[in-house]
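Enquirer: My file is upload.txt. It has compact mmCIF, C-alpha atoms:
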# COMPACT_ATOMS: atom_id res chain seq x y z
CA MET A 1 -33.25 37.79 25.35
CA LYS A 2 -30.98 35.68 23.18
CA PHE A 3 -30.25 32.08 24.15
CA LEU A 4 -27.46 29.67 23.23
CA ILE A 5 -28.14 25.98 23.95
CA ILE A 6 -25.22 23.54 23.83
CA ASP A 7 -26.01 19.82 24.05
CA ASP A 8 -24.85 16.84 21.98
CA ASP A 9 -28.35 15.32 22.06
CA PRO A 10 -30.53 16.68 19.16
CA PHE A 11 -33.70 15.73 21.02
CA VAL A 12 -32.71 17.83 24.05
CA LEU A 13 -31.90 20.77 21.79
CA LYS A 14 -35.31 20.55 20.13
CA LEU A 15 -37.10 20.13 23.47
CA LEU A 16 -35.40 23.10 25.15
CA SER A 17 -35.89 25.28 22.08
CA GLN A 18 -39.60 24.48 22.11
CA GLN A 19 -39.88 25.16 25.83
CA LEU A 20 -38.24 28.56 25.34
CA ALA A 21 -40.56 29.29 22.43
CA ASN A 22 -43.56 28.45 24.64
CA LEU A 23 -42.23 30.95 27.17
CA GLY A 24 -42.12 33.62 24.47
CA PHE A 25 -38.42 33.47 23.52
CA ASP A 26 -37.67 32.83 19.86
CA GLU A 27 -34.11 34.09 19.55
CA VAL A 28 -32.48 30.73 20.23
CA VAL A 29 -29.38 29.14 18.75
CA ALA A 30 -29.08 25.41 19.47
CA LEU A 31 -25.78 23.64 18.76
CA GLU A 32 -24.59 20.08 19.20
CA HIS A 33 -20.87 20.91 19.11
CA PRO A 34 -19.34 23.10 21.83
CA THR A 35 -16.51 24.14 19.52
CA GLU A 36 -19.04 25.82 17.24
CA ALA A 37 -20.67 27.54 20.20
CA LEU A 38 -17.29 28.72 21.46
CA ALA A 39 -16.44 30.17 18.05
CA LEU A 40 -19.64 32.25 18.17
CA LEU A 41 -18.84 33.55 21.65
CA GLU A 42 -15.22 34.29 20.79
CA ARG A 43 -16.43 36.54 17.95
CA ASP A 44 -18.77 38.34 20.36
CA GLN A 45 -18.92 37.31 24.02
CA ASN A 46 -22.01 39.51 24.43
CA ALA A 47 -23.96 37.88 21.60
CA PHE A 48 -26.11 35.84 24.03
CA ASP A 49 -27.86 36.78 27.24
CA MET A 50 -27.96 33.20 28.46
CA VAL A 51 -26.07 29.98 27.78
CA LEU A 52 -27.64 26.61 28.59
CA LEU A 53 -24.73 24.19 28.85
CA ASP A 54 -24.75 20.40 29.01
CA LEU A 55 -21.94 18.94 31.11
CA GLN A 56 -21.44 15.56 29.43
CA MET A 57 -20.35 16.03 25.82
CA PRO A 58 -17.81 13.96 23.84
CA ASP A 59 -15.48 16.52 22.26
CA MET A 60 -15.48 19.14 25.06
CA ASP A 61 -17.14 18.63 28.41
CA GLY A 62 -18.98 21.33 30.30
CA ILE A 63 -16.14 22.00 32.74
CA GLU A 64 -13.76 22.73 29.86
CA PHE A 65 -16.37 25.00 28.32
CA VAL A 66 -16.72 26.88 31.63
CA ARG A 67 -12.97 27.57 31.54
CA HIS A 68 -13.36 29.04 28.07
CA LEU A 69 -16.25 31.24 29.23
CA VAL A 70 -13.93 32.64 31.89
CA ARG A 71 -11.15 33.15 29.34
CA ILE A 72 -13.33 35.20 27.00
CA SER A 73 -14.87 37.17 29.89
CA TYR A 74 -18.45 36.05 29.23
CA ILE A 75 -20.81 38.16 31.36
CA GLY A 76 -24.22 36.70 30.48
CA GLY A 77 -26.24 34.15 32.43
CA LEU A 78 -25.22 30.50 32.63
CA VAL A 79 -27.53 27.56 33.25
CA LEU A 80 -25.92 24.14 33.72
CA ILE A 81 -27.87 21.08 32.61
CA SER A 82 -26.99 17.41 33.00
CA GLY A 83 -28.27 13.90 33.42
CA GLU A 84 -25.42 13.15 35.82
CA GLU A 85 -25.99 12.70 39.53
CA GLN A 86 -27.04 15.78 41.45
CA ARG A 87 -23.79 16.06 43.43
CA ILE A 88 -21.71 16.40 40.25
CA LEU A 89 -24.06 19.07 38.95
CA HIS A 90 -23.86 20.88 42.28
CA THR A 91 -20.05 20.74 42.27
CA VAL A 92 -19.80 22.21 38.77
CA GLU A 93 -22.18 24.98 39.85
CA LYS A 94 -19.83 25.77 42.74
CA LEU A 95 -16.89 25.74 40.34
CA ALA A 96 -18.56 28.16 37.93
CA ASN A 97 -19.49 30.45 40.81
CA ALA A 98 -15.88 30.35 42.01
CA HIS A 99 -14.89 31.52 38.52
CA LYS A 100 -17.25 34.51 39.09
CA LEU A 101 -19.56 33.46 36.28
CA HIS A 102 -23.20 34.51 36.52
CA VAL A 103 -24.72 31.10 37.31
CA LEU A 104 -28.52 31.20 37.26
CA GLY A 105 -29.15 27.56 38.00
CA ALA A 106 -28.13 23.93 37.69
CA LEU A 107 -30.91 21.73 36.30
CA LYS A 108 -31.04 17.96 36.19
CA LYS A 109 -32.49 16.33 33.09
CA PRO A 110 -35.25 15.92 32.14
CA ILE A 111 -35.90 19.63 32.52
CA HIS A 112 -39.44 20.72 33.28
CA PRO A 113 -40.70 24.01 31.77
CA THR A 114 -41.37 25.43 35.24
CA GLN A 115 -37.69 24.96 36.14
CA LEU A 116 -36.64 26.81 33.01
CA LYS A 117 -39.09 29.62 33.70
CA ARG A 118 -37.79 29.95 37.25
CA VAL A 119 -34.18 30.56 36.19
CA ILE A 120 -35.24 32.99 33.47
CA ASP A 121 -37.43 34.91 35.91
CA HIS A 122 -34.41 35.21 38.18
CA VAL A 123 -32.42 37.20 35.61
CA PRO A 124 -33.79 40.71 36.38
CA LYS A 125 -33.26 40.19 40.11
CA SER A 126 -29.66 39.10 39.77
CA ARG A 127 -26.87 41.54 40.30
CA GLU A 128 -25.00 42.52 37.18
CA HIS A 129 -21.81 40.54 36.89
CA SER A 130 -18.82 42.78 37.29
CA ALA A 131 -15.44 42.66 38.91
CA SER A 132 -15.60 44.20 42.37
CA LYS A 133 -13.11 46.95 43.06
CA ILE A 134 -10.77 46.21 45.95
CA TYR A 135 -9.73 49.29 47.89
CA THR A 136 -6.24 50.19 49.08
CA PRO A 137 -5.22 50.50 52.76
CA ASP A 138 -4.84 54.27 52.39
CA GLU A 139 -8.36 54.60 50.96
CA LEU A 140 -9.82 52.50 53.78
CA SER A 141 -7.85 54.35 56.44
CA HIS A 142 -9.18 57.65 55.06
CA ALA A 143 -12.73 56.27 55.19
CA LEU A 144 -12.32 55.18 58.82
CA ASN A 145 -10.94 58.56 59.83
CA ASN A 146 -13.73 60.40 58.05
CA ASN A 147 -16.67 58.36 59.39
CA GLU A 148 -17.62 56.96 56.00
CA LEU A 149 -18.41 53.49 57.39
CA ILE A 150 -22.02 52.98 58.39
CA ASN A 151 -23.99 50.07 59.84
CA TYR A 152 -26.91 48.28 58.27
CA TYR A 153 -28.93 45.70 60.19
CA GLN A 154 -30.58 42.47 59.06
CA PRO A 155 -33.45 41.10 61.15
CA GLN A 156 -33.25 37.70 62.83
CA VAL A 157 -36.61 36.11 63.62
CA ASP A 158 -37.79 33.21 65.74
CA LEU A 159 -38.78 30.40 63.39
CA ALA A 160 -41.49 29.06 65.70
CA THR A 161 -43.30 32.35 66.31
CA GLY A 162 -41.93 34.69 63.65
CA ARG A 163 -41.14 37.27 66.33
CA LEU A 164 -38.24 39.66 65.71
CA ILE A 165 -35.51 38.64 68.17
CA GLY A 166 -32.49 40.59 67.04
CA VAL A 167 -30.38 41.93 64.20
CA GLU A 168 -27.01 41.25 62.67
CA THR A 169 -24.84 44.31 62.15
CA LEU A 170 -23.44 44.56 58.62
CA VAL A 171 -20.93 47.26 57.79
CA ARG A 172 -21.17 49.33 54.61
CA TRP A 173 -18.90 52.01 53.21
CA GLN A 174 -20.74 55.08 52.01
CA HIS A 175 -18.09 56.03 49.47
CA PRO A 176 -18.19 59.68 48.33
CA THR A 177 -17.87 58.77 44.64
CA ASP A 178 -18.45 55.00 44.33
CA GLY A 179 -21.66 54.88 46.34
CA MET A 180 -22.42 51.96 48.63
CA VAL A 181 -19.43 49.62 48.96
CA PHE A 182 -19.92 46.13 50.41
CA PRO A 183 -17.58 44.52 52.97
CA ASP A 184 -16.12 41.88 50.64
CA GLN A 185 -14.36 44.80 48.93
CA PHE A 186 -12.53 46.04 52.01
CA ILE A 187 -12.57 43.55 54.94
CA GLY A 188 -9.66 41.59 53.45
CA THR A 189 -7.68 44.82 53.11
CA ALA A 190 -8.41 45.65 56.76
CA GLU A 191 -7.18 42.23 57.92
CA GLU A 192 -4.08 42.23 55.74
CA HIS A 193 -2.94 45.75 56.62
CA GLY A 194 -3.60 46.13 60.33
CA LEU A 195 -6.82 48.13 60.06
CA ILE A 196 -9.23 45.49 61.36
CA ASP A 197 -9.11 46.72 64.98
CA HIS A 198 -10.01 50.27 63.93
CA LEU A 199 -12.79 48.95 61.69
CA THR A 200 -14.23 46.68 64.39
CA GLN A 201 -14.15 49.48 66.96
CA THR A 202 -16.03 51.74 64.56
CA VAL A 203 -18.69 49.14 63.78
CA LEU A 204 -19.10 48.18 67.45
CA SER A 205 -19.35 51.78 68.62
CA ASN A 206 -22.06 52.56 66.07
CA ALA A 207 -23.91 49.32 66.91
CA LEU A 208 -23.87 50.03 70.65
CA THR A 209 -25.21 53.55 70.09
CA GLN A 210 -28.03 52.08 68.03
CA ALA A 211 -28.63 49.24 70.52
CA ARG A 212 -29.08 51.82 73.25
CA GLN A 213 -31.74 53.60 71.20
CA TRP A 214 -33.62 50.33 70.66
CA HIS A 215 -33.22 49.53 74.36
CA ASP A 216 -34.72 52.90 75.31
CA ALA A 217 -37.61 52.24 72.89
CA ASN A 218 -38.28 48.92 74.70
CA ALA A 219 -37.63 47.02 71.47
CA GLY A 220 -35.58 44.41 73.33
CA LEU A 221 -33.42 43.52 70.35
CA GLN A 222 -30.30 41.42 70.56
CA VAL A 223 -27.55 42.99 68.43
CA ALA A 224 -24.90 40.82 66.78
CA VAL A 225 -21.57 42.28 65.67
CA ASN A 226 -18.99 40.48 63.58
CA ILE A 227 -15.42 40.26 64.82
CA SER A 228 -12.39 38.73 63.17
CA MET A 229 -9.91 36.38 64.79
CA ASP A 230 -7.40 39.10 63.93
CA ASN A 231 -9.10 41.24 66.58
CA LEU A 232 -8.09 38.72 69.22
CA GLY A 233 -4.35 39.38 69.26
CA SER A 234 -4.30 41.33 72.54
CA VAL A 235 -5.86 40.33 75.85
CA ASP A 236 -7.02 43.94 76.22
CA PHE A 237 -9.73 43.26 73.64
CA ALA A 238 -12.06 41.70 76.24
CA ASP A 239 -11.72 44.71 78.54
CA ASP A 240 -12.26 47.10 75.63
CA ILE A 241 -15.48 45.31 74.66
CA THR A 242 -16.90 45.13 78.17
CA HIS A 243 -16.03 48.77 78.85
CA ALA A 244 -17.76 49.88 75.64
CA ILE A 245 -20.93 47.90 76.47
CA LYS A 246 -21.01 49.27 80.03
CA LYS A 247 -20.53 52.82 78.75
CA ALA A 248 -23.44 52.36 76.34
CA GLY A 249 -25.64 51.15 79.21
CA ILE A 250 -26.58 47.93 77.42
CA PRO A 251 -27.10 44.57 79.20
CA PHE A 252 -24.25 42.22 78.32
CA PRO A 253 -26.55 39.38 77.12
CA SER A 254 -28.11 41.66 74.50
CA ILE A 255 -24.80 41.74 72.58
CA VAL A 256 -23.59 38.82 70.48
CA LEU A 257 -20.13 38.67 68.93
CA GLU A 258 -20.07 36.63 65.73
CA VAL A 259 -16.61 35.14 65.28
CA THR A 260 -15.46 34.50 61.74
CA GLU A 261 -12.10 32.84 61.21
CA SER A 262 -11.17 33.82 57.69
CA ARG A 263 -7.60 32.68 58.21
CA LEU A 264 -6.06 29.88 60.24
CA MET A 265 -5.63 30.81 63.90
CA LYS A 266 -1.90 30.81 64.69
CA ASP A 267 -2.11 31.41 68.45
CA LEU A 268 -4.88 29.69 70.39
CA VAL A 269 -3.98 30.94 73.85
CA THR A 270 -4.91 34.64 73.55
CA PRO A 271 -8.22 34.09 71.67
CA LEU A 272 -9.24 31.48 74.25
CA ASP A 273 -8.43 33.90 77.07
CA ILE A 274 -10.45 36.71 75.48
CA LEU A 275 -13.48 34.73 74.35
CA THR A 276 -13.84 32.82 77.59
CA ARG A 277 -13.74 36.06 79.60
CA LEU A 278 -16.43 37.52 77.34
CA ARG A 279 -18.66 34.50 77.91
CA LEU A 280 -18.14 34.83 81.67
CA LYS A 281 -19.65 38.30 81.28
CA LYS A 282 -22.68 36.65 79.55
CA ILE A 283 -21.87 38.29 76.22
CA GLY A 284 -23.06 35.98 73.44
CA LEU A 285 -20.53 34.21 71.22
CA SER A 286 -21.62 32.89 67.84
CA ILE A 287 -19.55 30.71 65.53
CA ASP A 288 -20.25 32.28 62.14
CA ASP A 289 -20.36 30.52 58.76
CA PHE A 290 -20.10 27.14 60.47
CA GLY A 291 -18.66 24.43 58.25
CA THR A 292 -16.78 26.80 55.93
CA GLY A 293 -13.22 28.11 55.93
CA HIS A 294 -11.62 27.45 59.31
CA SER A 295 -14.89 27.42 61.28
CA SER A 296 -14.84 23.83 62.41
CA LEU A 297 -15.57 21.18 65.02
CA ALA A 298 -12.28 22.06 66.69
CA GLN A 299 -13.57 25.56 67.38
CA LEU A 300 -16.76 24.18 68.89
CA ARG A 301 -14.63 21.95 71.09
CA ASP A 302 -12.22 24.66 72.24
CA ILE A 303 -14.28 27.88 72.43
CA PRO A 304 -17.40 28.37 74.61
CA PHE A 305 -19.78 29.38 71.83
CA ASP A 306 -23.44 29.57 72.76
CA GLU A 307 -24.71 30.01 69.19
CA LEU A 308 -24.05 28.31 65.88
CA LYS A 309 -24.81 29.99 62.55
CA ILE A 310 -25.34 27.65 59.62
CA ASP A 311 -23.80 29.13 56.50
CA ARG A 312 -26.08 30.14 53.64
CA GLY A 313 -24.21 27.79 51.33
CA PHE A 314 -25.74 24.85 53.21
CA VAL A 315 -29.19 26.38 53.73
CA GLN A 316 -30.11 27.59 50.25
CA GLY A 317 -31.64 24.80 48.20
CA ALA A 318 -31.37 22.22 50.99
CA TYR A 319 -35.11 21.56 50.74
CA ASP A 320 -34.62 19.53 47.54
CA TYR A 321 -30.94 18.55 47.72
CA PRO A 322 -30.35 15.61 50.12
CA PRO A 323 -26.61 16.21 50.79
CA LEU A 324 -27.28 19.78 51.95
CA ARG A 325 -30.31 18.66 53.94
CA THR A 326 -28.18 16.07 55.72
CA ILE A 327 -25.50 18.65 56.60
CA VAL A 328 -28.07 21.10 57.96
CA GLU A 329 -29.85 18.48 60.03
CA ALA A 330 -26.57 17.08 61.38
CA SER A 331 -25.37 20.57 62.37
CA LEU A 332 -28.65 21.31 64.14
CA GLY A 333 -28.59 17.95 65.92
CA MET A 334 -25.06 18.56 67.13
CA ALA A 335 -25.95 22.06 68.36
CA LYS A 336 -28.94 20.67 70.23
CA HIS A 337 -26.80 18.10 72.02
CA LEU A 338 -24.27 20.81 72.88
CA GLY A 339 -27.05 23.00 74.25
CA ILE A 340 -26.39 25.98 72.00
CA LYS A 341 -28.73 28.16 69.94
CA THR A 342 -28.94 27.97 66.15
CA VAL A 343 -29.36 30.52 63.39
CA ALA A 344 -29.88 29.72 59.70
CA GLU A 345 -28.49 32.29 57.27
CA GLY A 346 -29.48 32.92 53.68
CA ILE A 347 -33.23 32.21 53.77
CA GLU A 348 -34.12 33.48 50.30
CA THR A 349 -37.26 31.58 49.28
CA ARG A 350 -40.45 30.20 50.79
CA HIS A 351 -38.99 26.73 50.21
CA ASP A 352 -35.95 27.64 52.34
CA TRP A 353 -38.23 29.06 55.04
CA ASP A 354 -40.51 26.02 55.18
CA PHE A 355 -37.60 23.57 55.24
CA ILE A 356 -35.69 25.37 58.00
CA ARG A 357 -38.86 25.68 60.09
CA SER A 358 -39.36 21.92 59.80
CA THR A 359 -35.87 21.21 61.20
CA GLY A 360 -36.41 22.87 64.57
CA CYS A 361 -33.78 25.55 64.00
CA GLY A 362 -34.12 28.50 66.37
CA LEU A 363 -33.63 31.69 64.37
CA ALA A 364 -33.43 32.66 60.71
CA GLN A 365 -32.31 35.56 58.59
CA GLY A 366 -32.19 36.21 54.87
CA TYR A 367 -33.68 38.20 52.01
CA PHE A 368 -36.96 36.26 52.19
CA ILE A 369 -37.44 37.77 55.65
CA ALA A 370 -35.77 41.12 55.10
CA LYS A 371 -32.77 42.67 53.43
CA PRO A 372 -30.23 44.55 55.54
CA MET A 373 -31.61 48.00 56.24
CA SER A 374 -30.69 51.28 57.87
CA PRO A 375 -31.36 51.46 61.63
CA ASP A 376 -34.35 53.78 61.31
CA GLU A 377 -36.09 51.24 59.05
CA ILE A 378 -36.03 48.33 61.53
CA LEU A 379 -38.95 49.19 63.82
CA PRO A 380 -41.25 50.43 61.00
CA TRP A 381 -40.54 47.13 59.19
CA ILE A 382 -42.09 45.05 61.99
CA PRO A 383 -45.82 45.59 61.15
CA ALA A 384 -45.26 44.63 57.50
CA TRP A 385 -43.46 41.47 58.61
CA GLU A 386 -46.17 40.59 61.12
CA SER A 387 -48.80 40.91 58.40
CA ARG A 388 -47.00 38.13 56.49
CA LEU A 389 -46.78 35.78 59.44
CA PRO A 390 -50.25 34.10 59.33
CA ALA A 391 -49.43 32.62 55.92
CA LEU A 392 -45.85 31.72 56.88
CA LEU A 393 -46.65 29.96 60.16
CA LYS A 394 -49.26 27.56 58.80
Just dump the structure as structure tokens.
Expert:
Amino acid sequence: MKFLIIDDDPFVLKLLSQQLANLGFDEVVALEHPTEALALLERDQNAFDMVLLDLQMPDMDGIEFVRHLVRISYIGGLVLISGEEQRILHTVEKLANAHKLHVLGALKKPIHPTQLKRVIDHVPKSREHSASKIYTPDELSHALNNNELINYYQPQVDLATGRLIGVETLVRWQHPTDGMVFPDQFIGTAEEHGLIDHLTQTVLSNALTQARQWHDANAGLQVAVNISMDNLGSVDFADDITHAIKKAGIPFPSIVLEVTESRLMKDLVTPLDILTRLRLKKIGLSIDDFGTGHSSLAQLRDIPFDELKIDRGFVQGAYDYPPLRTIVEASLGMAKHLGIKTVAEGIETRHDWDFIRSTGCGLAQGYFIAKPMSPDEILPWIPAWESRLPALLK
């Protein structure tokens, strides 16, 4: 791997270069002036596998440099370093991520060698940075009509006992030529072009068929299915849902509808009618990605949710970042006082797991527990998970 370090402090350059050398990396270019570094990258944006970038520099600050990385289409790894307060560092990390740069970490000075090793070790596990293809309405419509959409399921476990409680249904598109396509590449198209009802019906139908199989196997799993506020435009939606669950022979409480409001709700009356009727049937309602987008306190006030999902953006790294920890704890405290269940998303490390367990949150899901998997993998996964539990529940 080839490294480019940019910092106006010669001592920091020498220190980081030595730390990299101790880790076995000797192809390192260390520069005090960001203009020189930019000139190198403009000649060849692929010249370096990783850039370590200081934020506070006199002739060009780190935020300006990030803009230039976007301009030249830099695709390598980026590590932000700074002596500024943690919240500024965190904000710049969010900014760089929003620019679709491959951010591997944001480290506060002084940097310890173990921190540096951790971000470097993360490189092979990170997805290659590339622009995601967005599919057209005609392509998506063809996929829906040809049964190309399939469901994957991610386990949700009880944090106190580790027991598998349920799964979240996650749609995938098994594209005939592009392979597995993820929902961020087609959900927006479905919402914008009137295909979201067809998509939701497909996902729900497949989930109910699978839920029935688990029910017959005495697995007792609760199955969560995502719905969009755009699904709630007709009062018939509640009847359609209840009819489908009855037809599948599944108890109403074993189904949870996760409501994500990706766009501002224009009409409150019809969604309130639908969602309240669903809760009267004892179907679970979960407010998804709480605290992001339009998922807000107003929704908790107006809609009878019985579950709150804390977005991964608040969970990941909260164990050592006080602002995130405060947000998580406040959300959990509010849910407790409202008498609703809680689920933490995005548990990706043992640190995340230990922190969330300490907060009293109810359920958790994330790659540390299990990645989304095909339905026939869920039950065979349980013994492997249970073998991990003695160490995780200490």
Enquirer: So which one's closest to Ile369 (chain A), A:Asp354, A:Glu348, A:Asp7, A:Glu191? Using only C-alpha atoms, please.
Expert: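 The closest residue to Ile369 (chain A) is A:Glu348.
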Enquirer: Tell me, counting only C-alpha atoms, for each residue of region 145-240 of chain A within 12 Å of region 271-284 of chain A, which pair of atoms is nearest and how far apart they are in Å to one decimal, in rows ordered by chain and increasing number, as JSON lines.
Expert:
{"residue": "A:Gln222", "atom": "CA", "partner": "A:Gly284", "partner_atom": "CA", "distance": 9.5}
{"residue": "A:Val223", "atom": "CA", "partner": "A:Gly284", "partner_atom": "CA", "distance": 9.7}
{"residue": "A:Ala224", "atom": "CA", "partner": "A:Gly284", "partner_atom": "CA", "distance": 8.4}
{"residue": "A:Val225", "atom": "CA", "partner": "A:Gly284", "partner_atom": "CA", "distance": 10.1}
{"residue": "A:Asn226", "atom": "CA", "partner": "A:Gly284", "partner_atom": "CA", "distance": 11.6}
{"residue": "A:Ile227", "atom": "CA", "partner": "A:Leu275", "partner_atom": "CA", "distance": 11.2}
{"residue": "A:Ser228", "atom": "CA", "partner": "A:Pro271", "partner_atom": "CA", "distance": 10.5}
{"residue": "A:Met229", "atom": "CA", "partner": "A:Pro271", "partner_atom": "CA", "distance": 7.4}
{"residue": "A:Asp230", "atom": "CA", "partner": "A:Pro271", "partner_atom": "CA", "distance": 9.3}
{"residue": "A:Asn231", "atom": "CA", "partner": "A:Pro271", "partner_atom": "CA", "distance": 8.8}
{"residue": "A:Leu232", "atom": "CA", "partner": "A:Pro271", "partner_atom": "CA", "distance": 5.2}
{"residue": "A:Gly233", "atom": "CA", "partner": "A:Pro271", "partner_atom": "CA", "distance": 7.0}
{"residue": "A:Ser234", "atom": "CA", "partner": "A:Ile274", "partner_atom": "CA", "distance": 8.2}
{"residue": "A:Val235", "atom": "CA", "partner": "A:Ile274", "partner_atom": "CA", "distance": 5.9}
{"residue": "A:Asp236", "atom": "CA", "partner": "A:Ile274", "partner_atom": "CA", "distance": 8.0}
{"residue": "A:Phe237", "atom": "CA", "partner": "A:Ile274", "partner_atom": "CA", "distance": 6.8}
{"residue": "A:Ala238", "atom": "CA", "partner": "A:Ile274", "partner_atom": "CA", "distance": 5.3}
{"residue": "A:Asp239", "atom": "CA", "partner": "A:Ile274", "partner_atom": "CA", "distance": 8.7}
{"residue": "A:Asp240", "atom": "CA", "partner": "A:Ile274", "partner_atom": "CA", "distance": 10.5}
Enquirer: Could you give me, as an MDAnalysis selection string, the residues within 12 Å of Leu40 (chain A), counting all atoms listed in the file and dropping anything in the same chain fewer than 5 positions from it?
Expert: chainID A and resid 4 6 29:31 33:35 45:48 51 69 72 74
Enquirer: Quick one: distance from CA of Ile134 (chain A) to CA of Lys371 (chain A) in Å, one decimal?
Expert: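 Result for CA of Ile134 (chain A) versus CA of Lys371 (chain A): 23.5 Å, one decimal.
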Enquirer: Within 10 Å of region 312-336 of chain A, which residues of region 82-155 of chain A show up? Give each one with its shortest atom-to-atom distance in Å (one decimal) and the two atoms involved, counting only C-alpha atoms, rows by chain then rising residue number, as a tab-separated table.
Expert:
residue	atom	partner	partner_atom	distance
A:Gln86	CA	A:Tyr321	CA	7.9
A:Arg87	CA	A:Pro323	CA	7.9
A:His90	CA	A:Tyr321	CA	9.2
A:Lys94	CA	A:Gly313	CA	9.9
Enquirer: Which residues are near Lys133 (chain A)? Cut-off 12 Å, all atoms listed in the file, ignore same chain within fewer than 6 positions. Put them as a PDB file with C-alpha atoms, in the coordinates of the input.
Expert:
ATOM      1  CA  GLU A 139      -8.360  54.600  50.960  1.00  0.00           C
ATOM      2  CA  ASP A 178     -18.450  55.000  44.330  1.00  0.00           C
ATOM      3  CA  MET A 180     -22.420  51.960  48.630  1.00  0.00           C
ATOM      4  CA  VAL A 181     -19.430  49.620  48.960  1.00  0.00           C
ATOM      5  CA  PHE A 182     -19.920  46.130  50.410  1.00  0.00           C
ATOM      6  CA  PRO A 183     -17.580  44.520  52.970  1.00  0.00           C
ATOM      7  CA  ASP A 184     -16.120  41.880  50.640  1.00  0.00           C
ATOM      8  CA  GLN A 185     -14.360  44.800  48.930  1.00  0.00           C
ATOM      9  CA  PHE A 186     -12.530  46.040  52.010  1.00  0.00           C
ATOM     10  CA  THR A 189      -7.680  44.820  53.110  1.00  0.00           C
TER      11      THR A 189
END
Enquirer: Hey, can you pull every residue with an atom no more than 10 Å from (-26.0, 51.0, 77.7), using all atoms listed in the file, and send it as a PyMOL selection string?
Expert: chain A and resi 208-213+215-216+244-252
Enquirer: Take CA of Ile356 (chain A) and CA of Arg388 (chain A) and report the distance between them in Å, one decimal.
Expert: 17.1 Å
Enquirer: Taking all atoms listed in the file into account, name the residue in A:Ala207, A:Glu148, A:Lys2, A:Glu307 that is nearest to Gly339 (chain A).
Expert: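 With all atoms listed in the file as the atom set, the closest residue is A:Glu307.
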Enquirer: I'd like the interatomic distance between CA of Phe355 (chain A) and CA of Trp381 (chain A), to a tenth of an Å.
Expert: 24.1 Å
Enquirer: Considering only C-alpha atoms, can you say which of A:Leu300, A:Met60, A:Ala21, A:Val28 comes closest to Leu338 (chain A)?
Expert: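 Using only C-alpha atoms, Leu338 (chain A) sits closest to A:Leu300.
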Enquirer: Write out as a count of residues only which residues come within 7 Å of region 78-85 of chain A when counting all atoms listed in the file, dropping same-chain ones fewer than 3 positions away.
Expert: 17
Enquirer: Between A:Val92, A:Ala217, A:Val167, A:Leu268, single out the one closest to Val256 (chain A), counting all atoms listed in the file.
Expert: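 Nearest candidate to Val256 (chain A) out of A:Val92, A:Ala217, A:Val167, A:Leu268: A:Val167.
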Enquirer: Nearest residue to Asp49 (chain A) out of A:Glu345, A:Ile111, A:Trp173, A:Gly77, using all atoms listed in the file?
Expert: A:Gly77
Enquirer: Quick one: of A:Tyr152, A:Phe305, A:Trp353, A:Phe25, who's nearest to Thr169 (chain A), counting all atoms listed in the file?
Expert: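 Going through A:Tyr152, A:Phe305, A:Trp353, A:Phe25 one by one, the smallest distance to Thr169 (chain A) is for A:Tyr152.
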Enquirer: Taking (-44.6, 34.7, 60.1) in the file's coordinates, which residues come within 10 Å, counting only C-alpha atoms, written as a ChimeraX atom specification?
Expert: /A:157-164,353,369,385-394
